[in-house]
>>> print(open('final.cif').read())   # mmCIF, C-alpha atoms
data_protein
#
loop_
_atom_site.label_atom_id
_atom_site.label_comp_id
_atom_site.auth_asym_id
_atom_site.auth_seq_id
_atom_site.Cartn_x
_atom_site.Cartn_y
_atom_site.Cartn_z
CA MET A 264 -9.86 20.69 30.62
CA ILE A 265 -7.37 18.99 28.33
CA SER A 266 -5.50 16.21 30.11
CA LEU A 267 -1.72 15.76 30.01
CA LEU A 268 -2.14 12.68 27.78
CA GLN A 269 -4.22 14.63 25.28
CA LYS A 270 -1.62 17.41 25.24
CA LEU A 271 1.07 14.79 24.50
CA PHE A 272 -1.00 13.29 21.66
CA SER A 273 -1.63 16.80 20.28
CA LEU A 274 2.11 17.49 20.28
CA LEU A 275 2.78 14.20 18.50
CA ILE A 276 0.10 14.90 15.89
CA VAL A 277 1.47 18.38 15.14
CA THR A 278 5.06 17.05 15.01
CA GLU A 279 4.10 14.24 12.61
CA PHE A 280 2.13 16.70 10.51
CA VAL A 281 5.05 19.13 10.19
CA LEU A 282 7.67 16.42 9.55
CA GLY A 283 5.40 14.66 7.06
CA ASN A 284 4.83 17.86 5.08
CA VAL A 285 8.56 18.63 5.13
CA ALA A 286 9.51 15.14 3.89
CA ASN A 287 6.83 14.90 1.20
CA GLY A 288 7.30 18.51 0.15
CA PHE A 289 11.04 17.86 -0.17
CA ILE A 290 10.45 14.79 -2.37
CA ALA A 291 8.06 16.68 -4.64
CA LEU A 292 10.32 19.75 -4.85
CA VAL A 293 13.52 17.82 -5.66
CA ASN A 294 11.87 15.62 -8.28
CA CYS A 295 10.00 18.51 -9.91
CA THR A 296 13.19 20.61 -10.02
CA ASP A 297 15.07 17.70 -11.62
CA TRP A 298 12.16 17.24 -14.05
CA VAL A 299 12.36 20.88 -15.14
CA LYS A 300 16.15 20.71 -15.57
CA ARG A 301 16.16 17.49 -17.61
CA CYS A 302 12.76 17.98 -19.29
CA LYS A 303 11.96 14.35 -18.42
CA ILE A 304 11.23 12.21 -15.37
CA SER A 305 11.65 8.50 -14.76
CA CYS A 306 8.72 6.26 -13.88
CA ALA A 307 10.00 5.72 -10.32
CA ASP A 308 10.51 9.45 -9.72
CA GLY A 309 7.09 10.18 -11.20
CA ILE A 310 5.46 7.70 -8.79
CA LEU A 311 7.43 9.18 -5.87
CA THR A 312 6.32 12.71 -6.77
CA ALA A 313 2.66 11.75 -7.09
CA LEU A 314 2.91 9.75 -3.85
CA ALA A 315 4.39 12.73 -2.00
CA ILE A 316 1.61 15.05 -3.24
CA SER A 317 -1.12 12.57 -2.27
CA ARG A 318 0.41 12.18 1.20
CA ILE A 319 0.53 15.94 1.72
CA GLY A 320 -3.20 15.95 0.96
CA LEU A 321 -3.77 13.02 3.32
CA LEU A 322 -1.89 14.74 6.16
CA TRP A 323 -3.95 17.91 5.75
CA VAL A 324 -7.20 15.91 5.74
CA ILE A 325 -6.20 14.11 8.95
CA ILE A 326 -5.23 17.38 10.66
CA PHE A 327 -8.52 19.02 9.61
CA TYR A 328 -10.42 16.00 10.95
CA TRP A 329 -8.50 16.14 14.20
CA ASN A 330 -9.09 19.87 14.57
CA GLY A 331 -12.77 19.72 13.58
CA PHE A 332 -14.10 16.48 15.02
CA LEU A 333 -12.01 16.30 18.19
CA LEU A 334 -11.20 19.91 19.11
CA ASN A 335 -14.15 21.84 17.62
CA PRO A 336 -17.04 19.35 17.34
CA ALA A 337 -19.59 22.19 17.10
CA LEU A 338 -18.11 23.22 13.72
CA TYR A 339 -17.99 19.64 12.40
CA ASN A 340 -21.31 19.65 10.51
CA LEU A 341 -22.51 17.26 7.79
CA ARG A 342 -21.17 19.44 4.96
CA LEU A 343 -17.67 19.59 6.43
CA LYS A 344 -17.84 15.88 7.20
CA THR A 345 -18.76 15.19 3.55
CA ILE A 346 -15.86 17.26 2.19
CA ILE A 347 -13.33 15.66 4.57
CA GLY A 348 -14.69 12.16 3.88
CA ILE A 349 -14.42 12.48 0.08
CA THR A 350 -11.00 14.18 0.21
CA TRP A 351 -9.71 11.53 2.60
CA ALA A 352 -10.99 8.69 0.39
CA VAL A 353 -9.21 10.11 -2.68
CA SER A 354 -5.91 11.02 -0.98
CA ASN A 355 -5.83 7.78 1.04
CA HIS A 356 -6.51 5.72 -2.10
CA PHE A 357 -3.68 7.24 -4.12
CA SER A 358 -1.32 7.20 -1.13
CA LEU A 359 -1.76 3.44 -0.72
CA TRP A 360 -1.87 2.48 -4.38
CA LEU A 361 1.05 4.66 -5.48
CA ALA A 362 3.20 3.13 -2.71
CA THR A 363 2.06 -0.32 -3.81
CA SER A 364 2.87 0.49 -7.45
CA LEU A 365 6.33 1.61 -6.34
CA SER A 366 6.85 -1.76 -4.62
CA ILE A 367 5.77 -3.60 -7.78
CA PHE A 368 8.04 -1.39 -9.91
CA TYR A 369 11.04 -2.14 -7.65
CA LEU A 370 10.28 -5.85 -7.92
CA LEU A 371 10.09 -5.83 -11.72
CA LYS A 372 13.22 -3.71 -12.13
CA ILE A 373 15.44 -5.38 -9.51
CA ALA A 374 14.42 -9.04 -9.19
CA ASN A 375 15.79 -11.66 -11.58
CA PHE A 376 13.64 -14.66 -12.50
CA SER A 377 13.79 -16.85 -15.58
CA SER A 378 10.02 -17.18 -15.86
CA LEU A 379 8.70 -16.03 -19.25
CA LEU A 380 5.74 -14.32 -17.56
CA PHE A 381 8.02 -12.38 -15.23
CA LEU A 382 10.33 -11.39 -18.09
CA HIS A 383 7.30 -10.23 -20.08
CA LEU A 384 6.17 -8.07 -17.15
CA LYS A 385 9.74 -6.85 -16.53
CA TRP A 386 10.05 -5.54 -20.09
CA ARG A 387 6.75 -3.69 -19.66
CA ALA A 388 7.24 -2.52 -16.06
CA GLU A 389 5.96 1.00 -16.65
CA ARG A 390 2.86 -0.26 -18.46
CA VAL A 391 2.18 -2.74 -15.62
CA VAL A 392 2.35 0.08 -13.05
CA PHE A 393 -0.06 2.25 -15.04
CA MET A 394 -2.47 -0.69 -15.47
CA ILE A 395 -2.42 -1.28 -11.69
CA LEU A 396 -3.21 2.39 -11.02
CA TRP A 397 -6.00 2.46 -13.61
CA GLY A 398 -7.47 -0.77 -12.24
CA SER A 399 -7.42 0.59 -8.68
CA LEU A 400 -9.77 3.39 -9.74
CA PHE A 401 -12.63 0.84 -9.70
CA ILE A 402 -12.13 0.43 -5.94
CA LEU A 403 -12.03 4.22 -5.52
CA VAL A 404 -15.35 4.56 -7.38
CA CYS A 405 -16.90 1.89 -5.13
CA HIS A 406 -15.58 3.69 -2.04
CA LEU A 407 -16.98 7.06 -3.17
CA THR A 408 -20.32 5.43 -4.02
CA VAL A 409 -20.63 3.98 -0.51
CA LEU A 410 -19.70 7.38 0.96
CA SER A 411 -22.38 9.15 -1.10
CA ILE A 412 -25.02 6.61 -0.02
CA ASP A 413 -23.99 7.02 3.61
CA ILE A 414 -24.23 10.82 3.34
CA LYS A 415 -27.70 10.66 1.72
CA MET A 416 -28.91 8.35 4.48
CA GLN A 417 -27.71 10.78 7.14
CA MET A 418 -29.55 13.63 5.40
CA ASN A 419 -32.86 11.74 5.25
CA ASP A 420 -35.36 12.07 8.05
CA TYR A 421 -36.85 8.71 9.01
CA GLY A 422 -39.27 10.21 11.52
CA ARG A 423 -40.08 7.91 14.38
CA ASN A 424 -39.07 4.75 12.59
CA ILE A 425 -36.06 4.16 14.85
CA THR A 426 -35.81 0.45 13.97
CA TRP A 427 -35.51 1.16 10.23
CA LYS A 428 -32.88 3.84 10.86
CA THR A 429 -30.89 1.52 13.15
CA ASN A 430 -30.95 -1.30 10.58
CA LEU A 431 -29.76 1.02 7.82
CA MET A 432 -26.95 2.33 10.01
CA GLU A 433 -25.86 -1.25 10.74
CA ILE A 434 -25.91 -2.12 7.02
CA MET A 435 -23.84 0.96 6.19
CA TYR A 436 -21.37 0.13 8.94
CA TYR A 437 -20.68 -3.33 7.51
CA LEU A 438 -20.59 -1.93 3.99
CA ASN A 439 -18.04 0.67 5.06
CA MET A 440 -15.97 -2.03 6.75
CA THR A 441 -16.04 -4.17 3.60
CA VAL A 442 -14.97 -1.33 1.30
CA LEU A 443 -12.28 -0.18 3.75
CA THR A 444 -10.92 -3.73 4.02
CA LEU A 445 -10.77 -4.11 0.23
CA THR A 446 -9.16 -0.69 -0.13
CA ASN A 447 -6.39 -1.72 2.27
CA ILE A 448 -6.02 -5.48 2.00
CA ILE A 449 -5.54 -5.69 -1.79
CA PRO A 450 -2.56 -3.28 -1.97
CA PHE A 451 -1.16 -4.87 1.20
CA ILE A 452 -1.23 -8.36 -0.35
CA MET A 453 0.38 -7.04 -3.54
CA SER A 454 3.16 -5.29 -1.58
CA LEU A 455 3.70 -8.36 0.60
CA THR A 456 3.99 -10.52 -2.52
CA ALA A 457 6.54 -8.09 -3.98
CA PHE A 458 8.55 -8.24 -0.74
CA LEU A 459 8.56 -12.06 -0.61
CA LEU A 460 9.60 -12.27 -4.27
CA LEU A 461 12.43 -9.79 -3.62
CA ILE A 462 13.63 -11.98 -0.74
CA PHE A 463 13.54 -15.05 -2.98
CA SER A 464 15.37 -13.18 -5.76
CA LEU A 465 18.04 -12.00 -3.30
CA TRP A 466 18.46 -15.56 -1.95
CA LYS A 467 18.97 -16.88 -5.47
CA HIS A 468 21.43 -14.11 -6.25
CA LEU A 469 23.49 -14.72 -3.08
CA LYS A 470 23.55 -18.46 -3.76
CA LYS A 471 24.78 -17.80 -7.29
CA MET A 472 27.49 -15.44 -6.00
CA GLN A 473 28.70 -18.00 -3.45
CA LEU A 474 28.91 -20.74 -6.06
CA SER A 475 30.94 -18.50 -8.34
CA GLY A 476 33.28 -17.58 -5.47
CA LYS A 477 32.45 -13.86 -5.61
CA GLY A 478 31.66 -11.62 -2.64
CA THR A 479 28.16 -10.77 -1.52
CA GLN A 480 28.69 -6.99 -1.37
CA ASP A 481 28.11 -6.43 -5.08
CA PRO A 482 25.85 -3.62 -6.43
CA SER A 483 22.97 -6.01 -7.17
CA THR A 484 22.86 -7.22 -3.56
CA LYS A 485 22.85 -3.65 -2.24
CA VAL A 486 20.02 -2.70 -4.59
CA HIS A 487 18.01 -5.76 -3.47
CA VAL A 488 18.51 -4.95 0.21
CA ARG A 489 17.63 -1.26 -0.20
CA ALA A 490 14.46 -2.08 -2.11
CA MET A 491 13.47 -4.65 0.54
CA GLN A 492 14.02 -2.11 3.33
CA THR A 493 11.72 0.34 1.55
CA VAL A 494 8.99 -2.25 0.96
CA ILE A 495 9.09 -3.82 4.44
CA SER A 496 8.96 -0.38 6.10
CA PHE A 497 5.89 0.37 3.98
CA LEU A 498 4.29 -2.93 5.04
CA LEU A 499 4.93 -2.43 8.76
CA LEU A 500 3.62 1.13 8.75
CA PHE A 501 0.74 -0.01 6.53
CA VAL A 502 -0.36 -2.54 9.17
CA ILE A 503 -0.36 0.17 11.86
CA TYR A 504 -2.29 2.51 9.56
CA PHE A 505 -4.86 -0.17 8.68
CA LEU A 506 -5.45 -1.07 12.33
CA ALA A 507 -5.90 2.65 13.10
CA GLN A 508 -8.49 2.85 10.32
CA ILE A 509 -10.41 -0.09 11.78
CA LEU A 510 -10.31 1.50 15.23
CA ALA A 511 -11.52 4.80 13.74
CA ILE A 512 -14.61 3.12 12.25
CA TRP A 513 -15.20 1.10 15.42
CA SER A 514 -15.10 4.32 17.47
CA PHE A 515 -18.24 5.57 15.69
CA ILE A 516 -20.39 2.87 17.31
CA THR A 517 -18.76 2.86 20.74
CA PRO A 518 -18.69 5.48 23.51
CA LYS A 519 -16.18 8.12 22.38
CA ASN A 520 -13.00 8.56 24.39
CA THR A 521 -11.07 11.65 23.27
CA SER A 522 -7.69 10.22 24.29
CA VAL A 523 -8.31 7.02 22.29
CA LEU A 524 -9.42 9.01 19.24
CA MET A 525 -6.31 11.17 19.42
CA LEU A 526 -4.13 8.05 19.70
CA ILE A 527 -5.80 6.77 16.52
CA GLU A 528 -4.86 10.01 14.73
CA VAL A 529 -1.25 9.67 15.94
CA LEU A 530 -1.11 6.15 14.48
CA ARG A 531 -2.75 7.24 11.21
CA MET A 532 -0.16 9.96 10.69
CA LEU A 533 2.81 7.60 11.14
CA HIS A 534 2.38 6.04 7.70
CA PRO A 535 2.41 9.14 5.44
CA SER A 536 5.06 10.84 7.61
CA VAL A 537 7.70 8.27 8.60
CA HIS A 538 7.65 6.23 5.37
CA SER A 539 8.45 9.34 3.32
CA PHE A 540 11.73 9.80 5.24
CA ILE A 541 12.56 6.15 4.52
CA LEU A 542 11.88 6.78 0.82
CA ILE A 543 14.27 9.75 0.90
CA TRP A 544 17.01 7.67 2.50
CA GLY A 545 16.46 4.80 0.03
CA ASN A 546 16.75 7.02 -3.04
CA LYS A 547 20.30 8.10 -3.96
CA MET A 548 19.36 11.45 -5.51
CA LEU A 549 16.95 12.37 -2.70
CA ARG A 550 19.41 11.23 -0.01
CA GLN A 551 22.23 13.35 -1.43
CA ALA A 552 19.93 16.37 -1.80
CA PHE A 553 18.65 15.94 1.75
CA LEU A 554 22.18 15.65 3.22
CA SER A 555 23.20 18.73 1.24
CA PHE A 556 20.18 20.60 2.59
CA LEU A 557 21.05 19.61 6.18
CA TRP A 558 24.66 20.72 5.68
CA GLN A 559 23.57 24.10 4.30
CA LEU A 560 21.08 24.50 7.16
CA ARG A 561 23.84 23.73 9.67
CA CYS A 562 26.16 26.31 8.08
CA TRP A 563 23.37 28.90 8.07
CA LEU A 564 22.63 28.31 11.76
CA LYS A 565 26.33 28.67 12.60
CA GLU A 566 26.47 31.99 10.75
CA LYS A 567 23.43 33.22 12.69
CA LYS A 568 25.16 32.48 15.98
#
>>> encode(input="final.cif", output="structure tokens")
Amino acid sequence: MISLLQKLFSLLIVTEFVLGNVANGFIALVNCTDWVKRCKISCADGILTALAISRIGLLWVIIFYWNGFLLNPALYNLRLKTIIGITWAVSNHFSLWLATSLSIFYLLKIANFSSLLFLHLKWRAERVVFMILWGSLFILVCHLTVLSIDIKMQMNDYGRNITWKTNLMEIMYYLNMTVLTLTNIIPFIMSLTAFLLLIFSLWKHLKKMQLSGKGTQDPSTKVHVRAMQTVISFLLLFVIYFLAQILAIWSFITPKNTSVLMLIEVLRMLHPSVHSFILIWGNKMLRQAFLSFLWQLRCWLKEKK
């Protein structure tokens, strides 16, 4: 029998899944429509579109894992586990690194520093973002390599040599933990650095405005604050997502509690779902399109009544 708590977690997972697909699908649709109309797309909108697509993939992987591993464990065989593991690694990688690249892009475009190095990077912001994404592929290759080794080990039959099998499983556990930590901690540090530099840039800008006797509600201040809100929301949700990932790996070597595993899935879905709504609200074009959509939906519902 499914407990009341498990029913609540199931409802939360489905709600996050639907809202996440709506938000990310909306971002991709609006940006692609604008791309077709103008026959060009900005670097920021291109990152947002790719991020939305990767998060849709991530949400579907999580929901398949939840449905297979937790609700229908008999159907969750090694082949399905392999497909879900590889798809999750790819979608999770691009979800994290595209969001990190967006934070770096905001920093380079918005912050003002007199450093020659920063000015050099600022002039080549798009190239810097592409270099970060290309460089991150090395981590993805390492992650997929570890996954393939883990899968091969599970397929091998070690006979009665239980000690050898246990030692290999322990080695793979720590290897998985290392790769997972690198996959998450590097983009987190980069995003945190971008956030701190944005704070410092805003502080310098406000100090300059006060000395010149001007107000603090100028366009530059608003842009700084909006970018900081986007980055800090990403960081906070990132921490929750990372902790959920650690708990997910830890659950493989501890007695499985279905309610705990479902809570982990609820926490994992927060990041690709909630942050996408924050991205919509922080982007002027997306915000206006979303408010227009809500207004049209409201009018349509009134007509139906």
>>> residues_around(input="final.cif", residues="Ile543 (chain A)", least_positions_apart="3", cutoff="8 Å", atoms="all atoms listed in the file", output="PDB file with C-alpha atoms, in the frame of the given file")
ATOM      1  CA  ALA A 286       9.510  15.140   3.890  1.00  0.00           C
ATOM      2  CA  ILE A 290      10.450  14.790  -2.370  1.00  0.00           C
ATOM      3  CA  SER A 539       8.450   9.340   3.320  1.00  0.00           C
ATOM      4  CA  PHE A 540      11.730   9.800   5.240  1.00  0.00           C
ATOM      5  CA  ASN A 546      16.750   7.020  -3.040  1.00  0.00           C
ATOM      6  CA  LYS A 547      20.300   8.100  -3.960  1.00  0.00           C
ATOM      7  CA  LEU A 549      16.950  12.370  -2.700  1.00  0.00           C
ATOM      8  CA  ARG A 550      19.410  11.230  -0.010  1.00  0.00           C
ATOM      9  CA  PHE A 553      18.650  15.940   1.750  1.00  0.00           C
TER      10      PHE A 553
END
>>> closest_residue(input="final.cif", among="A:Met472, A:Leu396, A:Leu443, A:Leu370", to="Leu459 (chain A)", atoms="all atoms listed in the file")
A:Leu370
>>> atom_distance(input="final.cif", atom1="CA of Leu271 (chain A)", atom2="CA of Ser536 (chain A)")
17.8 Å
>>> residues_around(input="final.cif", residues="Trp386 (chain A)", least_positions_apart="4", cutoff="12 Å", atoms="all atoms listed in the file", output="MDAnalysis selection string")
chainID A and resid 368 371:373 375 379:382 390:392
>>> residues_near_point(input="final.cif", point="(3.3, 15.1, 3.4)", cutoff="10 Å", atoms="only C-alpha atoms", output="PyMOL selection string")
chain A and resi 279-291+314-323+532+535-537+539
>>> atom_distance(input="final.cif", atom1="CA of Ser522 (chain A)", atom2="CA of Phe272 (chain A)")
7.8 Å
>>> residues_around(input="final.cif", residues="Ser454 (chain A)", least_positions_apart="3", cutoff="9 Å", atoms="all atoms listed in the file", output="NGL selection string")
:A and (362-367 or 449-451 or 457-459 or 494-495 or 497-498)
>>> atom_distance(input="final.cif", atom1="CA of Leu438 (chain A)", atom2="CA of Trp397 (chain A)")
23.3 Å
>>> closest_residue(input="final.cif", among="A:Met440, A:Met394, A:Leu267, A:Ala552", to="Leu510 (chain A)", atoms="only C-alpha atoms")
A:Met440
>>> closest_residue(input="final.cif", among="A:Thr441, A:Gly545, A:Leu407, A:Phe505", to="Ile527 (chain A)", atoms="all atoms listed in the file")
A:Phe505
>>> closest_residue(input="final.cif", among="A:Asn340, A:Thr278, A:Thr345, A:Asn330", to="Ile414 (chain A)", atoms="all atoms listed in the file")
A:Thr345
>>> residues_near_point(input="final.cif", point="(11.4, 15.2, -10.3)", cutoff="7 Å", atoms="all atoms listed in the file", output="count of residues only")
11
>>> closest_residue(input="final.cif", among="A:Leu431, A:Ile395, A:Leu311, A:Cys562", to="Ile412 (chain A)", atoms="only C-alpha atoms")
A:Leu431
>>> resolve_selection(input="final.cif", expression="the PyMOL selection byres ((chain A and resi 528) around 8)", output="list in words")
Ile276, Ile325, Trp329, Ala507, Leu524, Met525, Leu526, Ile527, Val529, Leu530, Arg531 and Met532 of chain A
>>> write_last_selection(input="final.cif", atoms="C-alpha atoms", output="short mmCIF file (atom, residue, chain, number, x, y, z; two decimals), in the coordinates of the input")
data_model
loop_
_atom_site.label_atom_id
_atom_site.label_comp_id
_atom_site.auth_asym_id
_atom_site.auth_seq_id
_atom_site.Cartn_x
_atom_site.Cartn_y
_atom_site.Cartn_z
CA ILE A 276 0.10 14.90 15.89
CA ILE A 325 -6.20 14.11 8.95
CA TRP A 329 -8.50 16.14 14.20
CA ALA A 507 -5.90 2.65 13.10
CA LEU A 524 -9.42 9.01 19.24
CA MET A 525 -6.31 11.17 19.42
CA LEU A 526 -4.13 8.05 19.70
CA ILE A 527 -5.80 6.77 16.52
CA VAL A 529 -1.25 9.67 15.94
CA LEU A 530 -1.11 6.15 14.48
CA ARG A 531 -2.75 7.24 11.21
CA MET A 532 -0.16 9.96 10.69
#
>>> closest_residue(input="final.cif", among="A:Ser464, A:Ser411, A:Gln551, A:Asn447", to="Ile503 (chain A)", atoms="only C-alpha atoms")
A:Asn447
